[in-house]
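**Q** My structure file query_5.cif, mmCIF, N, CA and C atoms, is below:
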```cif
data_query
loop_
_atom_site.label_atom_id
_atom_site.label_comp_id
_atom_site.auth_asym_id
_atom_site.auth_seq_id
_atom_site.Cartn_x
_atom_site.Cartn_y
_atom_site.Cartn_z
N MET A 1 181.12 -43.83 48.63
CA MET A 1 180.49 -44.32 47.42
C MET A 1 179.01 -43.96 47.47
N VAL A 2 178.51 -43.47 46.36
CA VAL A 2 177.09 -43.13 46.24
C VAL A 2 176.48 -44.08 45.22
N ILE A 3 175.41 -44.76 45.62
CA ILE A 3 174.76 -45.75 44.76
C ILE A 3 173.30 -45.36 44.56
N TYR A 4 172.84 -45.45 43.32
CA TYR A 4 171.44 -45.20 42.98
C TYR A 4 170.90 -46.42 42.25
N LYS A 5 169.90 -47.08 42.83
CA LYS A 5 169.27 -48.26 42.25
C LYS A 5 170.31 -49.31 41.82
N GLY A 6 171.28 -49.55 42.68
CA GLY A 6 172.28 -50.58 42.43
C GLY A 6 173.42 -50.17 41.53
N ARG A 7 173.44 -48.95 41.03
CA ARG A 7 174.50 -48.47 40.15
C ARG A 7 175.34 -47.43 40.88
N ILE A 8 176.64 -47.55 40.78
CA ILE A 8 177.54 -46.58 41.41
C ILE A 8 177.49 -45.27 40.62
N MET A 9 177.19 -44.19 41.32
CA MET A 9 177.11 -42.87 40.69
C MET A 9 178.38 -42.05 40.91
N GLU A 10 178.98 -42.24 42.10
CA GLU A 10 180.15 -41.42 42.43
C GLU A 10 180.95 -42.11 43.53
N ILE A 11 182.27 -42.06 43.40
CA ILE A 11 183.17 -42.60 44.40
C ILE A 11 184.24 -41.55 44.67
N ALA A 12 184.48 -41.28 45.95
CA ALA A 12 185.55 -40.36 46.34
C ALA A 12 185.76 -40.47 47.84
N GLU A 13 186.90 -39.98 48.31
CA GLU A 13 187.14 -39.87 49.74
C GLU A 13 186.08 -38.93 50.31
N THR A 14 185.77 -39.07 51.57
CA THR A 14 184.71 -38.29 52.20
C THR A 14 184.87 -36.79 52.00
N GLU A 15 186.06 -36.27 52.29
CA GLU A 15 186.30 -34.83 52.16
C GLU A 15 186.11 -34.35 50.72
N GLU A 16 186.61 -35.14 49.78
CA GLU A 16 186.48 -34.81 48.36
C GLU A 16 185.02 -34.81 47.94
N LEU A 17 184.28 -35.82 48.36
CA LEU A 17 182.88 -35.95 47.97
C LEU A 17 182.03 -34.81 48.52
N PHE A 18 182.24 -34.45 49.78
CA PHE A 18 181.45 -33.36 50.36
C PHE A 18 181.87 -31.99 49.83
N ALA A 19 183.15 -31.83 49.47
CA ALA A 19 183.62 -30.55 48.92
C ALA A 19 183.20 -30.39 47.46
N TYR A 20 183.16 -31.50 46.72
CA TYR A 20 182.86 -31.46 45.29
C TYR A 20 181.84 -32.54 44.90
N PRO A 21 180.60 -32.42 45.35
CA PRO A 21 179.59 -33.38 44.91
C PRO A 21 179.24 -33.07 43.45
N LEU A 22 179.56 -33.96 42.54
CA LEU A 22 179.41 -33.66 41.12
C LEU A 22 178.16 -34.25 40.49
N HIS A 23 177.86 -35.49 40.78
CA HIS A 23 176.69 -36.12 40.16
C HIS A 23 175.42 -35.53 40.79
N PRO A 24 174.39 -35.29 39.98
CA PRO A 24 173.15 -34.71 40.53
C PRO A 24 172.53 -35.52 41.67
N TYR A 25 172.65 -36.84 41.62
CA TYR A 25 172.10 -37.65 42.71
C TYR A 25 172.87 -37.42 44.01
N THR A 26 174.17 -37.28 43.93
CA THR A 26 174.98 -36.98 45.11
C THR A 26 174.57 -35.64 45.71
N LYS A 27 174.36 -34.65 44.84
CA LYS A 27 173.92 -33.33 45.32
C LYS A 27 172.56 -33.44 46.02
N THR A 28 171.69 -34.28 45.51
CA THR A 28 170.37 -34.48 46.13
C THR A 28 170.52 -35.06 47.53
N LEU A 29 171.36 -36.09 47.66
CA LEU A 29 171.56 -36.71 48.98
C LEU A 29 172.15 -35.72 49.97
N ILE A 30 173.15 -34.97 49.55
CA ILE A 30 173.80 -34.02 50.47
C ILE A 30 172.84 -32.90 50.85
N SER A 31 172.00 -32.47 49.93
CA SER A 31 171.05 -31.40 50.26
C SER A 31 169.99 -31.87 51.25
N ALA A 32 169.80 -33.18 51.39
CA ALA A 32 168.80 -33.73 52.31
C ALA A 32 169.33 -33.89 53.74
N ILE A 33 170.60 -33.66 53.95
CA ILE A 33 171.17 -33.78 55.29
C ILE A 33 170.62 -32.65 56.16
N PRO A 34 170.00 -32.95 57.28
CA PRO A 34 169.45 -31.90 58.14
C PRO A 34 170.53 -31.00 58.73
N ILE A 35 170.21 -29.73 58.83
CA ILE A 35 171.10 -28.75 59.47
C ILE A 35 170.47 -28.41 60.82
N PRO A 36 171.24 -28.48 61.91
CA PRO A 36 170.66 -28.31 63.24
C PRO A 36 170.27 -26.87 63.60
N ASP A 37 170.26 -25.98 62.65
CA ASP A 37 169.81 -24.60 62.88
C ASP A 37 168.48 -24.44 62.14
N PRO A 38 167.37 -24.24 62.87
CA PRO A 38 166.06 -24.20 62.22
C PRO A 38 165.90 -23.09 61.20
N ILE A 39 166.57 -21.98 61.38
CA ILE A 39 166.46 -20.87 60.42
C ILE A 39 167.15 -21.25 59.11
N ILE A 40 168.37 -21.77 59.21
CA ILE A 40 169.09 -22.18 58.01
C ILE A 40 168.39 -23.36 57.35
N GLU A 41 167.93 -24.31 58.15
CA GLU A 41 167.25 -25.50 57.62
C GLU A 41 166.00 -25.11 56.83
N LYS A 42 165.26 -24.14 57.34
CA LYS A 42 164.03 -23.71 56.68
C LYS A 42 164.30 -23.06 55.32
N GLU A 43 165.45 -22.40 55.19
CA GLU A 43 165.74 -21.66 53.97
C GLU A 43 166.67 -22.36 53.00
N LYS A 44 167.18 -23.54 53.37
CA LYS A 44 168.11 -24.21 52.47
C LYS A 44 167.38 -24.73 51.25
N LYS A 45 168.13 -24.86 50.16
CA LYS A 45 167.57 -25.33 48.90
C LYS A 45 167.80 -26.83 48.77
N LEU A 46 166.73 -27.56 48.53
CA LEU A 46 166.82 -29.00 48.31
C LEU A 46 166.90 -29.27 46.82
N PHE A 47 167.76 -30.19 46.44
CA PHE A 47 167.86 -30.62 45.06
C PHE A 47 167.02 -31.88 44.90
N VAL A 48 166.44 -32.05 43.74
CA VAL A 48 165.64 -33.24 43.45
C VAL A 48 166.23 -33.91 42.22
N TYR A 49 166.57 -35.18 42.36
CA TYR A 49 167.17 -35.93 41.26
C TYR A 49 166.10 -36.67 40.46
N SER A 50 166.25 -36.61 39.15
CA SER A 50 165.41 -37.38 38.25
C SER A 50 166.31 -37.96 37.16
N PRO A 51 166.28 -39.27 36.96
CA PRO A 51 167.11 -39.86 35.90
C PRO A 51 166.80 -39.30 34.52
N SER A 52 165.62 -38.70 34.35
CA SER A 52 165.26 -38.14 33.04
C SER A 52 166.10 -36.92 32.67
N MET A 53 166.89 -36.40 33.62
CA MET A 53 167.75 -35.26 33.30
C MET A 53 168.94 -35.68 32.44
N HIS A 54 169.15 -36.99 32.29
CA HIS A 54 170.24 -37.50 31.46
C HIS A 54 169.67 -38.04 30.15
N ASP A 55 170.39 -37.80 29.06
CA ASP A 55 170.02 -38.38 27.77
C ASP A 55 171.17 -39.29 27.33
N TYR A 56 171.00 -40.58 27.58
CA TYR A 56 172.04 -41.54 27.24
C TYR A 56 171.74 -42.28 25.94
N SER A 57 170.85 -41.72 25.11
CA SER A 57 170.50 -42.37 23.85
C SER A 57 171.62 -42.27 22.82
N VAL A 58 172.42 -41.22 22.89
CA VAL A 58 173.52 -41.02 21.93
C VAL A 58 174.86 -41.34 22.57
N GLU A 59 175.14 -40.71 23.72
CA GLU A 59 176.39 -40.94 24.43
C GLU A 59 176.14 -41.92 25.57
N LYS A 60 176.89 -42.99 25.58
CA LYS A 60 176.73 -44.00 26.63
C LYS A 60 177.52 -43.60 27.87
N PRO A 61 176.93 -43.77 29.05
CA PRO A 61 177.60 -43.39 30.29
C PRO A 61 178.56 -44.47 30.78
N SER A 62 179.52 -44.03 31.58
CA SER A 62 180.44 -44.95 32.24
C SER A 62 180.96 -44.27 33.50
N LEU A 63 181.59 -45.06 34.35
CA LEU A 63 182.20 -44.55 35.58
C LEU A 63 183.62 -44.13 35.23
N VAL A 64 183.93 -42.84 35.39
CA VAL A 64 185.21 -42.28 34.93
C VAL A 64 185.95 -41.63 36.09
N ASP A 65 187.24 -41.86 36.16
CA ASP A 65 188.10 -41.21 37.16
C ASP A 65 188.47 -39.84 36.63
N ILE A 66 188.04 -38.78 37.33
CA ILE A 66 188.34 -37.42 36.87
C ILE A 66 189.55 -36.83 37.60
N GLY A 67 190.19 -37.64 38.42
CA GLY A 67 191.37 -37.18 39.16
C GLY A 67 191.10 -37.14 40.64
N ASN A 68 192.17 -37.12 41.43
CA ASN A 68 192.08 -37.11 42.90
C ASN A 68 191.32 -38.31 43.44
N GLY A 69 191.30 -39.41 42.70
CA GLY A 69 190.57 -40.59 43.14
C GLY A 69 189.07 -40.43 43.10
N HIS A 70 188.60 -39.44 42.38
CA HIS A 70 187.18 -39.10 42.29
C HIS A 70 186.62 -39.68 41.00
N MET A 71 185.68 -40.61 41.13
CA MET A 71 185.06 -41.23 39.97
C MET A 71 183.59 -40.84 39.90
N VAL A 72 183.13 -40.54 38.68
CA VAL A 72 181.75 -40.10 38.49
C VAL A 72 181.15 -40.85 37.29
N PHE A 73 179.87 -41.22 37.41
CA PHE A 73 179.14 -41.89 36.34
C PHE A 73 178.50 -40.84 35.46
N GLY A 74 178.75 -40.93 34.16
CA GLY A 74 178.11 -39.99 33.25
C GLY A 74 178.55 -40.22 31.82
N SER A 75 177.90 -39.52 30.91
CA SER A 75 178.26 -39.56 29.49
C SER A 75 179.52 -38.71 29.30
N PRO A 76 180.20 -38.85 28.17
CA PRO A 76 181.41 -38.03 27.95
C PRO A 76 181.18 -36.53 28.10
N SER A 77 180.05 -36.01 27.62
CA SER A 77 179.81 -34.57 27.76
C SER A 77 179.53 -34.20 29.22
N GLU A 78 178.85 -35.06 29.97
CA GLU A 78 178.63 -34.80 31.39
C GLU A 78 179.95 -34.83 32.15
N ILE A 79 180.81 -35.78 31.82
CA ILE A 79 182.11 -35.89 32.50
C ILE A 79 182.92 -34.62 32.28
N GLU A 80 182.88 -34.07 31.10
CA GLU A 80 183.60 -32.81 30.84
C GLU A 80 183.06 -31.68 31.71
N LYS A 81 181.75 -31.61 31.87
CA LYS A 81 181.15 -30.59 32.75
C LYS A 81 181.58 -30.80 34.20
N TYR A 82 181.59 -32.07 34.64
CA TYR A 82 182.00 -32.37 36.01
C TYR A 82 183.46 -31.97 36.24
N LYS A 83 184.32 -32.21 35.25
CA LYS A 83 185.73 -31.83 35.37
C LYS A 83 185.87 -30.31 35.48
N GLN A 84 185.09 -29.58 34.67
CA GLN A 84 185.14 -28.11 34.73
C GLN A 84 184.71 -27.61 36.10
N ILE A 85 183.68 -28.21 36.66
CA ILE A 85 183.22 -27.81 38.00
C ILE A 85 184.30 -28.12 39.04
N ARG A 86 184.86 -29.32 38.97
CA ARG A 86 185.83 -29.77 39.97
C ARG A 86 187.12 -28.94 39.94
N TYR A 87 187.56 -28.59 38.75
CA TYR A 87 188.85 -27.91 38.61
C TYR A 87 188.71 -26.44 38.23
N ALA A 88 187.58 -25.83 38.56
CA ALA A 88 187.32 -24.42 38.23
C ALA A 88 188.20 -23.46 39.01
N GLU A 89 188.75 -23.91 40.11
CA GLU A 89 189.54 -23.00 40.97
C GLU A 89 190.88 -22.66 40.39
#
```
Now that the file is in, can you turn its structure into C-alpha coordinates?

**A**
Amino acid sequence: MVIYKGRIMEIAETEELFAYPLHPYTKTLISAIPIPDPIIEKEKKLFVYSPSMHDYSVEKPSLVDIGNGHMVFGSPSEIEKYKQIRYAE
(Lines of atoms letter the chains of each structure in order from A and count residues from 1; the text may use other names and numbers.)
(Lines give C-alpha, C1' and ligand atoms only; values in the text may rest on other atoms or scores of the structure.)
Protein backbone atom coordinates (compact mmCIF):
# COMPACT_ATOMS: atom_id res chain seq x y z
CA MET A 1 0.00 0.00 0.00
CA VAL A 2 1.26 3.46 -0.90
CA ILE A 3 -0.05 6.38 1.15
CA TYR A 4 0.43 10.10 0.52
CA LYS A 5 -0.63 12.53 3.27
CA GLY A 6 -3.01 9.98 4.78
CA ARG A 7 -4.68 9.05 1.47
CA ILE A 8 -4.21 5.67 -0.19
CA MET A 9 -2.73 6.16 -3.66
CA GLU A 10 -2.12 2.58 -4.72
CA ILE A 11 -2.63 -0.94 -3.39
CA ALA A 12 -1.18 -4.10 -4.92
CA GLU A 13 0.86 -7.19 -4.11
CA THR A 14 4.57 -6.40 -3.89
CA GLU A 15 5.51 -7.98 -7.23
CA GLU A 16 2.62 -6.26 -9.01
CA LEU A 17 3.41 -2.87 -7.49
CA PHE A 18 7.12 -2.98 -8.38
CA ALA A 19 6.44 -4.32 -11.89
CA TYR A 20 3.65 -1.81 -12.61
CA PRO A 21 3.91 1.33 -10.47
CA LEU A 22 1.06 3.38 -11.92
CA HIS A 23 0.39 6.36 -9.68
CA PRO A 24 2.97 9.16 -10.06
CA TYR A 25 3.63 9.18 -6.30
CA THR A 26 4.41 5.45 -6.35
CA LYS A 27 6.84 6.05 -9.22
CA THR A 28 8.50 8.79 -7.16
CA LEU A 29 8.98 6.49 -4.16
CA ILE A 30 10.38 3.65 -6.26
CA SER A 31 12.77 5.97 -8.10
CA ALA A 32 14.17 7.05 -4.70
CA ILE A 33 15.27 3.52 -3.76
CA PRO A 34 19.09 3.50 -3.77
CA ILE A 35 20.87 1.21 -6.22
CA PRO A 36 24.08 -0.30 -4.80
CA ASP A 37 26.02 0.38 -8.02
CA PRO A 38 27.45 3.93 -7.94
CA ILE A 39 27.56 4.26 -11.73
CA ILE A 40 23.93 3.25 -12.20
CA GLU A 41 22.86 5.25 -9.13
CA LYS A 42 24.52 8.39 -10.49
CA GLU A 43 22.73 8.12 -13.84
CA LYS A 44 19.28 6.96 -12.77
CA LYS A 45 16.33 9.27 -13.31
CA LEU A 46 14.44 10.44 -10.24
CA PHE A 47 10.76 11.26 -10.51
CA VAL A 48 9.30 14.14 -8.53
CA TYR A 49 5.65 14.07 -7.49
CA SER A 50 3.51 17.17 -7.25
CA PRO A 51 -0.22 17.01 -6.49
CA SER A 52 -0.65 19.92 -8.93
CA MET A 53 -0.18 17.45 -11.80
CA HIS A 54 -3.79 16.35 -11.17
CA ASP A 55 -6.86 18.41 -12.04
CA TYR A 56 -9.73 17.12 -9.94
CA SER A 57 -11.94 20.18 -10.45
CA VAL A 58 -14.08 18.43 -13.09
CA GLU A 59 -13.51 14.70 -12.59
CA LYS A 60 -13.53 13.51 -8.99
CA PRO A 61 -10.92 10.91 -8.03
CA SER A 62 -11.54 7.58 -6.34
CA LEU A 63 -9.67 4.39 -5.52
CA VAL A 64 -10.42 1.95 -8.37
CA ASP A 65 -9.57 -1.73 -8.85
CA ILE A 66 -8.03 -2.03 -12.32
CA GLY A 67 -7.61 -5.80 -12.08
CA ASN A 68 -5.13 -8.27 -10.59
CA GLY A 69 -5.97 -6.86 -7.16
CA HIS A 70 -4.30 -3.59 -8.17
CA MET A 71 -6.10 -0.48 -6.96
CA VAL A 72 -5.13 3.06 -7.97
CA PHE A 73 -6.40 6.49 -6.88
CA GLY A 74 -7.30 8.79 -9.74
CA SER A 75 -9.94 10.49 -11.85
CA PRO A 76 -11.77 8.43 -14.49
CA SER A 77 -9.48 9.69 -17.28
CA GLU A 78 -6.36 8.93 -15.20
CA ILE A 79 -7.67 5.43 -14.42
CA GLU A 80 -8.07 4.76 -18.15
CA LYS A 81 -4.44 5.81 -18.73
CA TYR A 82 -3.29 3.58 -15.87
CA LYS A 83 -5.21 0.62 -17.36
CA GLN A 84 -3.59 1.21 -20.76
CA ILE A 85 -0.14 1.24 -19.16
CA ARG A 86 -0.83 -1.87 -17.08
CA TYR A 87 -2.31 -3.94 -19.89
CA ALA A 88 -0.18 -2.64 -22.80
CA GLU A 89 1.53 -6.00 -23.23

**Q** Select, counting only C-alpha atoms, all protein, DNA and RNA residues no farther than 12 Å from (177.6, -33.5, 49.1) in file coordinates, and express the selection as a VMD selection string.

**A** chain A and resid 1 to 2 10 to 33 46 to 47

**Q** Spell out the residues picked by the PyMOL selection byres (((chain A and resi 59 and name CA) around 8) and name CA) here, as an MDAnalysis selection string.

**A** chainID A and resid 55:58 60:61 75:77

**Q** Do you have the atom N of A:Phe73-atom C of A:Gly6 distance handy?

**A**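 Those two atoms sit 11.8 Å apart.
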
**Q** Calculated over only N, CA and C atoms, which of the candidates A:Lys81, A:Ser50, A:Ile8, A:Tyr87 has the smallest distance to A:Ser62?

**A**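 Going through A:Lys81, A:Ser50, A:Ile8, A:Tyr87 one by one, the smallest distance to A:Ser62 is for A:Ile8.
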
**Q** How many Å lie between atom N of A:Ala88 and atom CA of A:His70, rounded to one decimal?

**A**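 Calculated distance between atom N of A:Ala88 and atom CA of A:His70 is 13.8 Å.
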
**Q** Report the residues of chain A whose backbone DSSP state falls under strand (DSSP E or B), written as a tab-separated table (two decimals) with N, CA and C atoms, in the frame of the given file.

**A**
```
chain	number	residue	atom	x	y	z
A	2	VAL	N	178.51	-43.47	46.36
A	2	VAL	CA	177.09	-43.13	46.24
A	2	VAL	C	176.48	-44.08	45.22
A	3	ILE	N	175.41	-44.76	45.62
A	3	ILE	CA	174.76	-45.75	44.76
A	3	ILE	C	173.30	-45.36	44.56
A	4	TYR	N	172.84	-45.45	43.32
A	4	TYR	CA	171.44	-45.20	42.98
A	4	TYR	C	170.90	-46.42	42.25
A	7	ARG	N	173.44	-48.95	41.03
A	7	ARG	CA	174.50	-48.47	40.15
A	7	ARG	C	175.34	-47.43	40.88
A	8	ILE	N	176.64	-47.55	40.78
A	8	ILE	CA	177.54	-46.58	41.41
A	8	ILE	C	177.49	-45.27	40.62
A	9	MET	N	177.19	-44.19	41.32
A	9	MET	CA	177.11	-42.87	40.69
A	9	MET	C	178.38	-42.05	40.91
A	10	GLU	N	178.98	-42.24	42.10
A	10	GLU	CA	180.15	-41.42	42.43
A	10	GLU	C	180.95	-42.11	43.53
A	11	ILE	N	182.27	-42.06	43.40
A	11	ILE	CA	183.17	-42.60	44.40
A	11	ILE	C	184.24	-41.55	44.67
A	62	SER	N	179.52	-44.03	31.58
A	62	SER	CA	180.44	-44.95	32.24
A	62	SER	C	180.96	-44.27	33.50
A	63	LEU	N	181.59	-45.06	34.35
A	63	LEU	CA	182.20	-44.55	35.58
A	63	LEU	C	183.62	-44.13	35.23
A	64	VAL	N	183.93	-42.84	35.39
A	64	VAL	CA	185.21	-42.28	34.93
A	64	VAL	C	185.95	-41.63	36.09
A	65	ASP	N	187.24	-41.86	36.16
A	65	ASP	CA	188.10	-41.21	37.16
A	65	ASP	C	188.47	-39.84	36.63
A	66	ILE	N	188.04	-38.78	37.33
A	66	ILE	CA	188.34	-37.42	36.87
A	66	ILE	C	189.55	-36.83	37.60
A	67	GLY	N	190.19	-37.64	38.42
A	67	GLY	CA	191.37	-37.18	39.16
A	67	GLY	C	191.10	-37.14	40.64
A	70	HIS	N	188.60	-39.44	42.38
A	70	HIS	CA	187.18	-39.10	42.29
A	70	HIS	C	186.62	-39.68	41.00
A	71	MET	N	185.68	-40.61	41.13
A	71	MET	CA	185.06	-41.23	39.97
A	71	MET	C	183.59	-40.84	39.90
A	72	VAL	N	183.13	-40.54	38.68
A	72	VAL	CA	181.75	-40.10	38.49
A	72	VAL	C	181.15	-40.85	37.29
A	73	PHE	N	179.87	-41.22	37.41
A	73	PHE	CA	179.14	-41.89	36.34
A	73	PHE	C	178.50	-40.84	35.46
A	74	GLY	N	178.75	-40.93	34.16
A	74	GLY	CA	178.11	-39.99	33.25
A	74	GLY	C	178.55	-40.22	31.82
```

**Q** Record the distance separating atom C of A:Leu63 and atom C of A:Met9, expressed in Å with one decimal.

**A**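 Straight-line distance from atom C of A:Leu63 to atom C of A:Met9 works out to 8.0 Å.
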
**Q** Nearest to A:Lys83 among A:Ile66, A:Met71, A:Pro34, A:Tyr49, with distances taken over only C-alpha atoms: which residue is it?

**A** A:Ile66
